[in-house]
file input-v8.cif (mmCIF, C-alpha atoms)
data_coords
#
loop_
_atom_site.label_atom_id
_atom_site.label_comp_id
_atom_site.auth_asym_id
_atom_site.auth_seq_id
_atom_site.Cartn_x
_atom_site.Cartn_y
_atom_site.Cartn_z
CA MET J 4 9.94 64.53 -24.69
CA GLU J 5 8.89 65.25 -28.28
CA PHE J 6 7.14 62.59 -30.37
CA SER J 7 6.91 62.45 -34.14
CA ALA J 8 3.83 63.99 -35.69
CA ALA J 9 2.89 60.63 -37.17
CA VAL J 10 2.95 58.88 -33.81
CA ILE J 11 0.91 61.61 -32.13
CA ALA J 12 -1.61 61.65 -34.98
CA VAL J 13 -2.09 57.90 -34.99
CA THR J 14 -2.44 57.52 -31.22
CA GLY J 15 -4.78 60.48 -31.15
CA PHE J 16 -6.90 58.93 -33.86
CA PHE J 17 -7.12 55.66 -31.91
CA PHE J 18 -8.25 57.44 -28.81
CA ILE J 19 -10.81 59.68 -30.45
CA SER J 20 -12.13 56.86 -32.62
CA LEU J 21 -12.69 54.75 -29.54
CA LEU J 22 -14.71 57.51 -27.97
CA LEU J 23 -16.74 57.81 -31.15
CA SER J 24 -17.70 54.16 -31.03
CA THR J 25 -21.21 53.61 -29.66
CA ALA J 26 -23.37 50.59 -29.20
CA VAL J 27 -27.04 51.51 -29.12
CA GLY J 28 -29.13 48.59 -27.92
CA SER J 29 -26.11 46.28 -27.73
CA THR J 30 -25.40 43.74 -25.02
CA VAL J 31 -22.02 42.89 -23.57
CA ASP J 32 -20.71 39.44 -24.33
CA PHE J 33 -19.94 37.58 -21.12
CA ILE J 34 -17.27 34.94 -20.95
CA ALA J 35 -18.54 31.74 -22.53
CA VAL J 36 -16.58 28.92 -21.02
CA SER J 37 -18.49 26.19 -22.81
CA ASN J 38 -17.23 27.56 -26.12
CA LEU J 39 -13.56 27.65 -25.17
CA ARG J 40 -12.69 24.92 -27.60
CA ARG J 41 -14.48 25.75 -30.79
CA LYS J 42 -16.21 22.84 -32.51
CA SER J 43 -15.47 24.08 -36.04
CA PRO J 44 -13.79 27.03 -37.83
CA THR J 45 -17.24 28.43 -38.68
CA ALA J 46 -17.75 29.20 -34.99
CA GLY J 47 -14.91 31.74 -34.97
CA LEU J 48 -15.19 35.46 -34.36
CA CYS J 49 -14.42 36.21 -38.01
CA ALA J 50 -17.25 34.07 -39.35
CA SER J 51 -19.68 34.86 -36.55
CA VAL J 52 -19.34 38.62 -36.24
CA ILE J 53 -16.85 40.36 -38.50
CA GLU J 54 -17.29 38.86 -41.97
CA PRO J 55 -21.11 39.17 -41.91
CA SER J 56 -20.55 42.93 -41.65
CA GLY J 57 -18.57 42.90 -44.90
CA PHE J 58 -15.03 43.00 -43.52
CA PRO J 59 -12.35 40.50 -44.61
CA CYS J 60 -11.03 38.68 -41.56
CA SER J 61 -8.56 35.88 -40.87
CA GLU J 62 -8.18 33.71 -37.77
CA HIS J 63 -4.78 33.33 -36.10
CA ILE J 64 -3.61 31.38 -33.08
CA THR J 65 -0.55 31.65 -30.89
CA GLN J 66 0.61 29.83 -27.78
CA THR J 67 1.75 31.34 -24.49
CA LYS J 68 4.79 30.05 -22.64
CA ASP J 69 2.49 28.32 -20.12
CA GLY J 70 0.55 26.48 -22.82
CA TYR J 71 -2.62 28.51 -23.42
CA VAL J 72 -3.71 28.75 -27.06
CA LEU J 73 -4.96 32.25 -27.83
CA GLY J 74 -7.17 33.39 -30.68
CA LEU J 75 -6.34 36.50 -32.69
CA GLN J 76 -8.32 37.97 -35.58
CA ARG J 77 -6.90 40.18 -38.30
CA VAL J 78 -9.39 42.56 -39.88
CA SER J 79 -9.10 44.44 -43.18
CA SER J 80 -11.05 47.28 -44.76
CA SER J 81 -14.52 46.57 -46.12
CA SER J 82 -13.52 48.30 -49.35
CA GLY J 83 -11.53 45.24 -50.37
CA SER J 84 -8.58 47.45 -51.31
CA VAL J 85 -5.30 45.64 -51.95
CA GLN J 86 -3.23 48.60 -50.82
CA PRO J 87 -0.46 47.91 -48.27
CA ARG J 88 -1.73 47.56 -44.73
CA GLY J 89 -1.24 50.42 -42.31
CA SER J 90 0.21 50.29 -38.81
CA PRO J 91 -0.78 47.24 -36.73
CA VAL J 92 -3.25 47.94 -33.93
CA LEU J 93 -4.02 45.44 -31.15
CA LEU J 94 -7.39 45.80 -29.39
CA ILE J 95 -7.50 44.34 -25.86
CA HIS J 96 -10.89 43.81 -24.24
CA GLY J 97 -12.02 44.19 -20.63
CA LEU J 98 -13.07 41.71 -17.95
CA PHE J 99 -15.95 39.32 -18.77
CA MET J 100 -15.68 40.42 -22.37
CA ALA J 101 -13.88 39.12 -25.45
CA GLY J 102 -12.72 40.39 -28.83
CA ASP J 103 -16.25 40.97 -30.08
CA ALA J 104 -16.50 43.88 -27.61
CA TRP J 105 -14.94 46.04 -30.34
CA PHE J 106 -17.63 45.11 -32.91
CA MET J 107 -20.86 45.33 -30.95
CA ASP J 108 -22.52 47.94 -33.12
CA SER J 109 -22.70 49.00 -36.76
CA SER J 110 -19.64 49.34 -38.96
CA ASN J 111 -19.56 53.13 -38.60
CA GLN J 112 -19.83 52.99 -34.80
CA SER J 113 -17.55 50.11 -33.72
CA LEU J 114 -13.88 50.89 -33.20
CA GLY J 115 -12.59 47.71 -34.84
CA PHE J 116 -14.49 48.47 -38.04
CA ILE J 117 -13.62 52.16 -37.97
CA LEU J 118 -9.89 51.50 -37.72
CA ALA J 119 -9.97 48.86 -40.46
CA ASP J 120 -11.81 51.20 -42.84
CA HIS J 121 -9.18 53.87 -42.16
CA GLY J 122 -6.48 51.54 -43.38
CA PHE J 123 -5.05 50.25 -40.11
CA ASP J 124 -3.97 46.65 -39.72
CA VAL J 125 -6.44 45.67 -37.01
CA TRP J 126 -5.71 42.74 -34.70
CA VAL J 127 -8.21 41.60 -32.10
CA GLY J 128 -6.92 39.93 -28.94
CA ASN J 129 -8.72 37.32 -26.84
CA VAL J 130 -7.17 36.32 -23.51
CA ARG J 131 -7.21 32.81 -22.05
CA GLY J 132 -10.55 31.52 -20.81
CA THR J 133 -12.63 33.60 -23.22
CA ARG J 134 -14.95 32.59 -26.00
CA TRP J 135 -12.68 33.15 -28.97
CA SER J 136 -9.54 31.54 -27.59
CA HIS J 137 -8.71 27.85 -27.86
CA GLY J 138 -8.06 26.37 -24.44
CA HIS J 139 -4.74 24.77 -23.50
CA VAL J 140 -2.32 22.36 -25.13
CA SER J 141 -2.77 19.76 -22.39
CA LEU J 142 -5.36 20.96 -19.87
CA SER J 143 -9.13 20.79 -20.13
CA GLU J 144 -11.27 23.68 -18.90
CA LYS J 145 -12.56 21.19 -16.34
CA ASP J 146 -9.11 20.92 -14.77
CA LYS J 147 -8.34 22.98 -11.68
CA LYS J 148 -4.96 23.98 -13.11
CA PHE J 149 -6.59 25.43 -16.21
CA TRP J 150 -7.99 28.28 -14.08
CA ASP J 151 -4.93 28.75 -11.87
CA TRP J 152 -3.86 32.18 -13.06
CA SER J 153 -4.40 35.85 -12.36
CA TRP J 154 -4.36 39.05 -14.37
CA GLN J 155 -0.55 39.14 -14.20
CA GLU J 156 -0.41 36.09 -16.50
CA LEU J 157 -2.81 37.89 -18.83
CA ALA J 158 -0.36 40.78 -18.93
CA LEU J 159 3.02 39.06 -19.09
CA TYR J 160 2.07 35.91 -20.99
CA ASP J 161 -1.10 36.61 -23.01
CA LEU J 162 -0.58 40.23 -23.99
CA GLY J 163 3.15 39.74 -24.27
CA GLU J 164 2.66 36.82 -26.67
CA MET J 165 0.02 38.65 -28.74
CA ILE J 166 2.34 41.61 -29.22
CA ARG J 167 5.25 39.31 -30.09
CA TYR J 168 3.15 37.40 -32.63
CA ILE J 169 1.87 40.54 -34.36
CA TYR J 170 5.36 42.03 -34.39
CA SER J 171 6.78 38.88 -35.98
CA VAL J 172 4.06 38.77 -38.66
CA THR J 173 4.08 42.48 -39.56
CA ASN J 174 7.68 43.39 -38.72
CA SER J 175 6.27 46.58 -37.21
CA LYS J 176 5.86 47.92 -33.72
CA VAL J 177 2.31 47.57 -32.40
CA PHE J 178 -0.17 50.23 -31.28
CA VAL J 179 -2.05 48.89 -28.24
CA VAL J 180 -5.61 49.97 -27.39
CA GLY J 181 -7.06 48.67 -24.13
CA HIS J 182 -10.20 49.11 -22.06
CA SER J 183 -10.50 48.38 -18.33
CA GLN J 184 -8.73 45.05 -17.72
CA GLY J 185 -6.95 45.67 -21.01
CA THR J 186 -5.33 48.74 -19.43
CA ILE J 187 -4.04 47.00 -16.31
CA MET J 188 -2.59 44.31 -18.57
CA SER J 189 -0.96 46.96 -20.74
CA LEU J 190 0.56 48.97 -17.91
CA ALA J 191 2.04 45.84 -16.35
CA ALA J 192 3.36 44.58 -19.68
CA PHE J 193 4.92 47.94 -20.51
CA THR J 194 7.17 47.65 -17.44
CA GLN J 195 8.89 44.71 -19.14
CA PRO J 196 11.68 45.80 -21.53
CA ASP J 197 11.32 42.77 -23.81
CA ILE J 198 7.63 43.58 -24.39
CA VAL J 199 7.57 47.36 -24.51
CA GLN J 200 10.31 47.47 -27.15
CA MET J 201 7.73 46.07 -29.60
CA VAL J 202 5.10 48.73 -28.75
CA GLU J 203 4.77 51.95 -30.73
CA ALA J 204 2.17 53.70 -28.55
CA ALA J 205 -0.91 53.03 -26.41
CA ALA J 206 -4.43 54.35 -25.86
CA LEU J 207 -5.92 53.33 -22.50
CA LEU J 208 -9.60 53.79 -21.64
CA CYS J 209 -10.59 53.77 -17.96
CA PRO J 210 -7.02 52.95 -16.88
CA ILE J 211 -6.71 50.70 -13.85
CA SER J 212 -3.71 49.96 -11.68
CA TYR J 213 -4.59 51.21 -8.20
CA LEU J 214 -8.01 50.59 -6.64
CA GLU J 215 -7.80 52.35 -3.31
CA HIS J 216 -10.86 54.55 -3.87
CA ILE J 217 -13.25 52.13 -5.53
CA THR J 218 -16.91 52.92 -4.75
CA ALA J 219 -18.70 50.13 -6.66
CA GLN J 220 -20.89 48.54 -3.98
CA PHE J 221 -21.07 45.16 -5.70
CA VAL J 222 -17.29 44.77 -5.57
CA LEU J 223 -16.99 46.04 -2.01
CA ARG J 224 -19.56 43.50 -0.88
CA LEU J 225 -17.73 40.66 -2.65
CA VAL J 226 -14.52 41.66 -0.92
CA LYS J 227 -16.19 41.88 2.50
CA LEU J 228 -17.66 38.39 2.11
CA HIS J 229 -14.32 36.92 0.94
CA LEU J 230 -16.26 35.30 -1.89
CA ASP J 231 -13.08 34.13 -3.63
CA GLU J 232 -12.01 32.10 -0.58
CA VAL J 233 -15.50 30.64 -0.15
CA ILE J 234 -15.68 29.51 -3.77
CA LEU J 235 -12.25 27.88 -3.66
CA ALA J 236 -13.11 26.13 -0.40
CA MET J 237 -16.14 24.64 -2.17
CA GLY J 238 -13.84 23.15 -4.80
CA ILE J 239 -15.07 25.50 -7.52
CA HIS J 240 -12.33 26.72 -9.84
CA GLU J 241 -14.39 28.26 -12.64
CA LEU J 242 -17.01 30.93 -11.94
CA ASN J 243 -19.28 31.35 -14.94
CA PHE J 244 -21.99 33.93 -14.20
CA LYS J 245 -24.20 32.34 -16.86
CA SER J 246 -24.30 29.07 -14.96
CA ASN J 247 -26.91 28.19 -12.34
CA LEU J 248 -24.38 28.70 -9.56
CA GLY J 249 -23.28 32.02 -10.96
CA THR J 250 -26.87 33.18 -11.26
CA ARG J 251 -27.58 32.24 -7.64
CA ILE J 252 -24.54 34.18 -6.48
CA ILE J 253 -25.65 37.26 -8.39
CA ASP J 254 -29.17 36.96 -6.98
CA MET J 255 -27.80 36.61 -3.45
CA MET J 256 -25.55 39.64 -3.87
CA CYS J 257 -28.00 41.92 -5.62
CA ASP J 258 -31.45 41.11 -4.23
CA GLY J 259 -32.23 44.02 -1.95
CA HIS J 260 -28.62 44.47 -0.86
CA VAL J 261 -26.66 46.50 -3.40
CA GLU J 262 -27.21 48.18 -6.72
CA CYS J 263 -25.99 45.80 -9.42
CA GLY J 264 -26.91 47.81 -12.48
CA ASP J 265 -23.22 48.55 -12.90
CA LEU J 266 -22.11 44.92 -12.58
CA LEU J 267 -19.90 45.08 -15.64
CA THR J 268 -18.28 48.26 -14.37
CA SER J 269 -17.41 46.64 -11.09
CA ILE J 270 -16.01 43.13 -11.02
CA THR J 271 -12.20 43.00 -10.83
CA VAL J 272 -9.34 42.29 -8.41
CA ILE J 273 -8.73 44.70 -5.58
CA ARG J 274 -5.20 45.16 -4.27
CA LYS J 275 -4.25 46.93 -1.08
CA GLY J 276 -2.77 50.17 -2.34
CA THR J 277 -0.14 48.62 -4.57
CA PHE J 278 0.22 47.69 -8.21
CA ALA J 279 1.76 44.28 -7.68
CA MET J 280 1.75 40.65 -8.70
CA TYR J 281 -0.64 38.17 -7.13
CA ASP J 282 -0.30 37.76 -3.37
CA TYR J 283 -0.22 34.02 -2.62
CA GLY J 284 0.44 34.59 1.06
CA MET J 285 3.77 34.69 2.85
CA TRP J 286 4.94 31.09 2.31
CA LYS J 287 3.83 30.73 -1.29
CA ASN J 288 5.24 34.15 -2.08
CA MET J 289 8.62 32.82 -0.94
CA ARG J 290 8.13 29.82 -3.21
CA TYR J 291 7.13 31.77 -6.30
CA TYR J 292 8.92 35.10 -5.82
CA SER J 293 11.68 34.31 -3.28
CA LYS J 294 10.34 37.10 -1.08
CA LEU J 295 7.56 37.55 1.48
CA GLU J 296 5.68 40.21 -0.48
CA PRO J 297 4.73 39.99 -4.17
CA PRO J 298 6.90 42.06 -6.52
CA VAL J 299 5.58 45.48 -7.51
CA PHE J 300 5.12 46.56 -11.11
CA GLU J 301 7.18 49.74 -11.27
CA LEU J 302 5.26 52.15 -13.48
CA SER J 303 8.27 54.44 -13.40
CA SER J 304 10.12 51.87 -15.49
CA ILE J 305 7.79 52.39 -18.47
CA PRO J 306 9.90 54.26 -21.03
CA SER J 307 9.20 57.98 -21.06
CA SER J 308 9.49 57.83 -24.84
CA LEU J 309 6.34 55.68 -25.11
CA PRO J 310 3.38 57.87 -26.21
CA ILE J 311 0.29 57.12 -24.10
CA TRP J 312 -3.26 58.44 -24.31
CA MET J 313 -5.66 57.99 -21.42
CA GLY J 314 -9.38 58.62 -21.17
CA TYR J 315 -11.27 58.50 -17.89
CA GLY J 316 -14.56 59.65 -16.41
CA GLY J 317 -15.77 61.38 -13.28
CA ASN J 318 -18.59 58.89 -12.77
CA ASP J 319 -16.48 55.74 -12.83
CA ALA J 320 -17.05 53.59 -9.72
CA LEU J 321 -14.11 51.35 -10.60
CA ALA J 322 -11.42 53.49 -12.19
CA ASP J 323 -11.84 56.31 -9.68
CA VAL J 324 -10.37 59.69 -10.57
CA SER J 325 -8.15 59.66 -7.45
CA ASP J 326 -6.70 56.29 -8.43
CA VAL J 327 -6.13 57.44 -12.01
CA LYS J 328 -4.23 60.45 -10.67
CA HIS J 329 -2.16 58.08 -8.50
CA THR J 330 -1.24 56.16 -11.63
CA LEU J 331 -0.35 59.35 -13.48
CA LYS J 332 2.03 60.44 -10.71
CA GLU J 333 4.05 57.25 -11.07
CA LEU J 334 4.45 57.36 -14.83
CA PRO J 335 7.76 58.86 -15.98
CA SER J 336 6.02 61.15 -18.48
CA LYS J 337 2.56 62.66 -18.58
CA PRO J 338 0.15 60.99 -21.01
CA ASN J 339 -2.23 62.91 -23.20
CA LEU J 340 -5.49 62.97 -21.25
CA LEU J 341 -9.20 63.26 -21.94
CA TYR J 342 -11.47 63.63 -18.91
CA LEU J 343 -15.26 63.42 -19.25
CA GLU J 344 -17.03 64.34 -16.04
CA ASN J 345 -20.24 62.35 -16.59
CA TYR J 346 -18.66 59.19 -18.01
CA GLY J 347 -18.72 55.86 -16.20
CA HIS J 348 -16.63 52.75 -16.74
CA ILE J 349 -18.55 51.26 -19.67
CA ASP J 350 -19.54 54.58 -21.25
CA PHE J 351 -16.25 54.65 -23.12
CA LEU J 352 -17.52 51.66 -25.09
CA LEU J 353 -21.29 52.05 -25.04
CA SER J 354 -22.21 55.71 -24.61
CA VAL J 355 -24.75 56.99 -27.13
CA LYS J 356 -23.43 60.55 -26.65
CA SER J 357 -19.79 59.97 -27.51
CA LYS J 358 -19.87 62.00 -30.73
CA GLU J 359 -21.43 64.98 -28.98
CA ASP J 360 -19.06 64.78 -26.05
CA VAL J 361 -15.93 64.55 -28.17
CA LEU J 362 -16.86 67.01 -30.88
#
call {"tool": "encode", "arguments": {"input": "input-v8.cif", "output": "structure tokens"}}
result
Amino acid sequence: MEFSAAVIAVTGFFFISLLLSTAVGSTVDFIAVSNLRRKSPTAGLCASVIEPSGFPCSEHITQTKDGYVLGLQRVSSSSGSVQPRGSPVLLIHGLFMAGDAWFMDSSNQSLGFILADHGFDVWVGNVRGTRWSHGHVSLSEKDKKFWDWSWQELALYDLGEMIRYIYSVTNSKVFVVGHSQGTIMSLAAFTQPDIVQMVEAAALLCPISYLEHITAQFVLRLVKLHLDEVILAMGIHELNFKSNLGTRIIDMMCDGHVECGDLLTSITVIRKGTFAMYDYGMWKNMRYYSKLEPPVFELSSIPSSLPIWMGYGGNDALADVSDVKHTLKELPSKPNLLYLENYGHIDFLLSVKSKEDVL
């Protein structure tokens, strides 16, 4: 399959630019549940992070089909040029992060700023339950139902709606750039014809779909303890690791038991050898899916004409090389690949050696 030179150049630029982004001395922004419903417009991502760096930014909102109100930010070049905007690019963050993950360092090191200054029409996505989104049309974050969703809703509802909104505003197909959870969302969404038809190309960092070979000890311990079932049995529906309860859980898990230095590289959902929708159990699966087993996302149904770049590392305890290769085998066409032997899961966002490694 041959792609146009323009498409290859643009997707290549996204991928390389992302690897060039570094964040010396930065900290990752955890989910901030208490700020779900912003008190005033001045608390937005534009005013808090992007505009202070000299980049024009506008806040947008859109609503998913199940009622969640998502925040999107549109970023322009710091030059203030009135030239026509370039191709729209949607940046999708990872787990326990939000849209500010793409702006954690200086303007010449953060991907969101780099793309904007190169003339791209930069859109920043924030999934439900994160700091820069806006809650729900009828549910409070204190309601059990507010938290009754899995990553499949993030893919089919949140990402699908973000892409649709950007497409409707710009009348252009969207370039999607995702990291970690943003990649599992993207791969699932791309199996849906009504979504993928609005996507021009994708760059996926630390791509996740299968997790058969995960080695992150923190995650393996959580799975062994069935922590999710314990928390639900206690009547807890929101797990905020900044809360007192969350802190106690981390202390219990990490104190003398496992190495938690790679916490952010670890926490996710583990499936049993399949890339499938949420498994509610036999009876609920019949209720929701009309079958005993949850439906599988068929990666082979992603159009072979869709250009995809993937970057992955040999030191990634979450997106293991063997699992990445499993994903590659199921795709109908081979993506353009960049493999960095010494890179871990967060290095693709925070490494201080990215420029050396790429150049």
call {"tool": "atom_distance", "arguments": {"input": "input-v8.cif", "atom1": "CA of Phe278 in chain J", "atom2": "CA of Val299 in chain J"}}
result
5.8 Å
call {"tool": "closest_residue", "arguments": {"input": "input-v8.cif", "among": "J:Pro55, J:Gly83, J:Gly317, J:Pro297", "to": "Gly284 in chain J", "atoms": "only C-alpha atoms"}}
result
J:Pro297
call {"tool": "residues_around", "arguments": {"input": "input-v8.cif", "residues": "Met285 in chain J", "least_positions_apart": "3", "cutoff": "8 Å", "atoms": "only C-alpha atoms", "output": "list of chain:residue names"}}
result
J:Asn288, J:Met289, J:Leu295, J:Glu296
call {"tool": "atom_distance", "arguments": {"input": "input-v8.cif", "atom1": "CA of Ser153 in chain J", "atom2": "CA of His63 in chain J"}}
result
23.9 Å
call {"tool": "atom_distance", "arguments": {"input": "input-v8.cif", "atom1": "CA of Gly102 in chain J", "atom2": "CA of Asp326 in chain J"}}
result
26.6 Å
call {"tool": "residues_near_point", "arguments": {"input": "input-v8.cif", "point": "(5.4, 45.2, -30.9)", "cutoff": "7 Å", "atoms": "only C-alpha atoms", "output": "ChimeraX atom specification"}}
result
/J:166-167,169-170,175-177,200-203
call {"tool": "closest_residue", "arguments": {"input": "input-v8.cif", "among": "J:Tyr168, J:Trp154, J:Tyr160, J:Phe58", "to": "Ala279 in chain J", "atoms": "only C-alpha atoms"}}
result
J:Trp154
call {"tool": "residues_around", "arguments": {"input": "input-v8.cif", "residues": "Leu75 in chain J", "least_positions_apart": "6", "cutoff": "9 Å", "atoms": "only C-alpha atoms", "output": "list of chain:residue names"}}
result
J:Ser61, J:Glu62, J:His63, J:Ile64, J:Thr65, J:Gly102, J:Trp126, J:Val127, J:Gly128, J:Asn129, J:Trp135, J:Ser136, J:Met165
call {"tool": "closest_residue", "arguments": {"input": "input-v8.cif", "among": "J:Leu73, J:Val180, J:Leu93, J:Ile53", "to": "Met107 in chain J", "atoms": "only C-alpha atoms"}}
result
J:Ile53
call {"tool": "residues_near_point", "arguments": {"input": "input-v8.cif", "point": "(4.3, 61.2, -19.5)", "cutoff": "12 Å", "atoms": "all atoms listed in the file", "output": "list in words"}}
result
Met4, Glu5, Phe6, Ala204, Ala205, Leu302, Ser303, Ser304, Ile305, Pro306, Ser307, Ser308, Leu309, Pro310, Ile311, Trp312, Met313, Thr330, Leu331, Lys332, Glu333, Leu334, Pro335, Ser336, Lys337, Pro338, Asn339 and Leu340 of chain J
call {"tool": "residues_around", "arguments": {"input": "input-v8.cif", "residues": "Val92 in chain J", "least_positions_apart": "5", "cutoff": "7 Å", "atoms": "only C-alpha atoms", "output": "PDB file with C-alpha atoms, in the frame of the given file"}}
result
ATOM      1  CA  PHE J 123      -5.050  50.250 -40.110  1.00  0.00           C
ATOM      2  CA  ASP J 124      -3.970  46.650 -39.720  1.00  0.00           C
ATOM      3  CA  VAL J 125      -6.440  45.670 -37.010  1.00  0.00           C
ATOM      4  CA  TRP J 126      -5.710  42.740 -34.700  1.00  0.00           C
ATOM      5  CA  VAL J 177       2.310  47.570 -32.400  1.00  0.00           C
ATOM      6  CA  PHE J 178      -0.170  50.230 -31.280  1.00  0.00           C
ATOM      7  CA  VAL J 179      -2.050  48.890 -28.240  1.00  0.00           C
TER       8      VAL J 179
END
call {"tool": "residues_around", "arguments": {"input": "input-v8.cif", "residues": "His137 in chain J", "least_positions_apart": "2", "cutoff": "10 Å", "atoms": "all atoms listed in the file", "output": "short mmCIF file (atom, residue, chain, number, x, y, z; two decimals) with C-alpha atoms, in the coordinates of the input"}}
result
data_model
loop_
_atom_site.label_atom_id
_atom_site.label_comp_id
_atom_site.auth_asym_id
_atom_site.auth_seq_id
_atom_site.Cartn_x
_atom_site.Cartn_y
_atom_site.Cartn_z
CA ASN J 38 -17.23 27.56 -26.12
CA LEU J 39 -13.56 27.65 -25.17
CA ARG J 40 -12.69 24.92 -27.60
CA ARG J 41 -14.48 25.75 -30.79
CA ILE J 64 -3.61 31.38 -33.08
CA THR J 65 -0.55 31.65 -30.89
CA GLN J 66 0.61 29.83 -27.78
CA TYR J 71 -2.62 28.51 -23.42
CA VAL J 72 -3.71 28.75 -27.06
CA LEU J 73 -4.96 32.25 -27.83
CA GLY J 74 -7.17 33.39 -30.68
CA ASN J 129 -8.72 37.32 -26.84
CA VAL J 130 -7.17 36.32 -23.51
CA ARG J 131 -7.21 32.81 -22.05
CA GLY J 132 -10.55 31.52 -20.81
CA THR J 133 -12.63 33.60 -23.22
CA ARG J 134 -14.95 32.59 -26.00
CA TRP J 135 -12.68 33.15 -28.97
CA HIS J 139 -4.74 24.77 -23.50
CA VAL J 140 -2.32 22.36 -25.13
#
call {"tool": "resolve_selection", "arguments": {"input": "input-v8.cif", "expression": "the PyMOL selection byres ((chain J and resi 347) around 7)", "output": "list in words"}}
result
Gly316, Gly317, Asn318, Asp319, Asn345, Tyr346, His348, Ile349 and Asp350 of chain J
call {"tool": "write_last_selection", "arguments": {"input": "input-v8.cif", "atoms": "C-alpha atoms", "output": "tab-separated table (two decimals), in the coordinates of the input"}}
result
chain	number	residue	atom	x	y	z
J	316	GLY	CA	-14.56	59.65	-16.41
J	317	GLY	CA	-15.77	61.38	-13.28
J	318	ASN	CA	-18.59	58.89	-12.77
J	319	ASP	CA	-16.48	55.74	-12.83
J	345	ASN	CA	-20.24	62.35	-16.59
J	346	TYR	CA	-18.66	59.19	-18.01
J	348	HIS	CA	-16.63	52.75	-16.74
J	349	ILE	CA	-18.55	51.26	-19.67
J	350	ASP	CA	-19.54	54.58	-21.25
call {"tool": "closest_residue", "arguments": {"input": "input-v8.cif", "among": "J:Glu301, J:Tyr283, J:Arg77, J:Ser183", "to": "Asp151 in chain J", "atoms": "only C-alpha atoms"}}
result
J:Tyr283
call {"tool": "resolve_selection", "arguments": {"input": "input-v8.cif", "expression": "the PyMOL selection byres ((chain J and resi 158) around 9)", "output": "list in words"}}
result
Trp154, Gln155, Glu156, Leu157, Leu159, Tyr160, Asp161, Leu162, Gly163, Gly185, Ile187, Met188, Ser189, Leu190, Ala191 and Ala192 of chain J
call {"tool": "write_last_selection", "arguments": {"input": "input-v8.cif", "atoms": "C-alpha atoms", "output": "PDB file, in the coordinates of the input"}}
result
ATOM      1  CA  TRP J 154      -4.360  39.050 -14.370  1.00  0.00           C
ATOM      2  CA  GLN J 155      -0.550  39.140 -14.200  1.00  0.00           C
ATOM      3  CA  GLU J 156      -0.410  36.090 -16.500  1.00  0.00           C
ATOM      4  CA  LEU J 157      -2.810  37.890 -18.830  1.00  0.00           C
ATOM      5  CA  LEU J 159       3.020  39.060 -19.090  1.00  0.00           C
ATOM      6  CA  TYR J 160       2.070  35.910 -20.990  1.00  0.00           C
ATOM      7  CA  ASP J 161      -1.100  36.610 -23.010  1.00  0.00           C
ATOM      8  CA  LEU J 162      -0.580  40.230 -23.990  1.00  0.00           C
ATOM      9  CA  GLY J 163       3.150  39.740 -24.270  1.00  0.00           C
ATOM     10  CA  GLY J 185      -6.950  45.670 -21.010  1.00  0.00           C
ATOM     11  CA  ILE J 187      -4.040  47.000 -16.310  1.00  0.00           C
ATOM     12  CA  MET J 188      -2.590  44.310 -18.570  1.00  0.00           C
ATOM     13  CA  SER J 189      -0.960  46.960 -20.740  1.00  0.00           C
ATOM     14  CA  LEU J 190       0.560  48.970 -17.910  1.00  0.00           C
ATOM     15  CA  ALA J 191       2.040  45.840 -16.350  1.00  0.00           C
ATOM     16  CA  ALA J 192       3.360  44.580 -19.680  1.00  0.00           C
TER      17      ALA J 192
END
call {"tool": "resolve_selection", "arguments": {"input": "input-v8.cif", "expression": "the PyMOL selection byres ((chain J and resi 120) around 10)", "output": "list in words"}}
result
Phe58, Val78, Ser79, Ser80, Ser81, Ser82, Gly83, Ser84, Ser110, Asn111, Leu114, Gly115, Phe116, Ile117, Leu118, Ala119, His121, Gly122, Phe123, Asp124 and Val125 of chain J
call {"tool": "closest_residue", "arguments": {"input": "input-v8.cif", "among": "J:Leu341, J:Met280, J:Val327, J:Ile95", "to": "Pro210 in chain J", "atoms": "only C-alpha atoms"}}
result
J:Val327
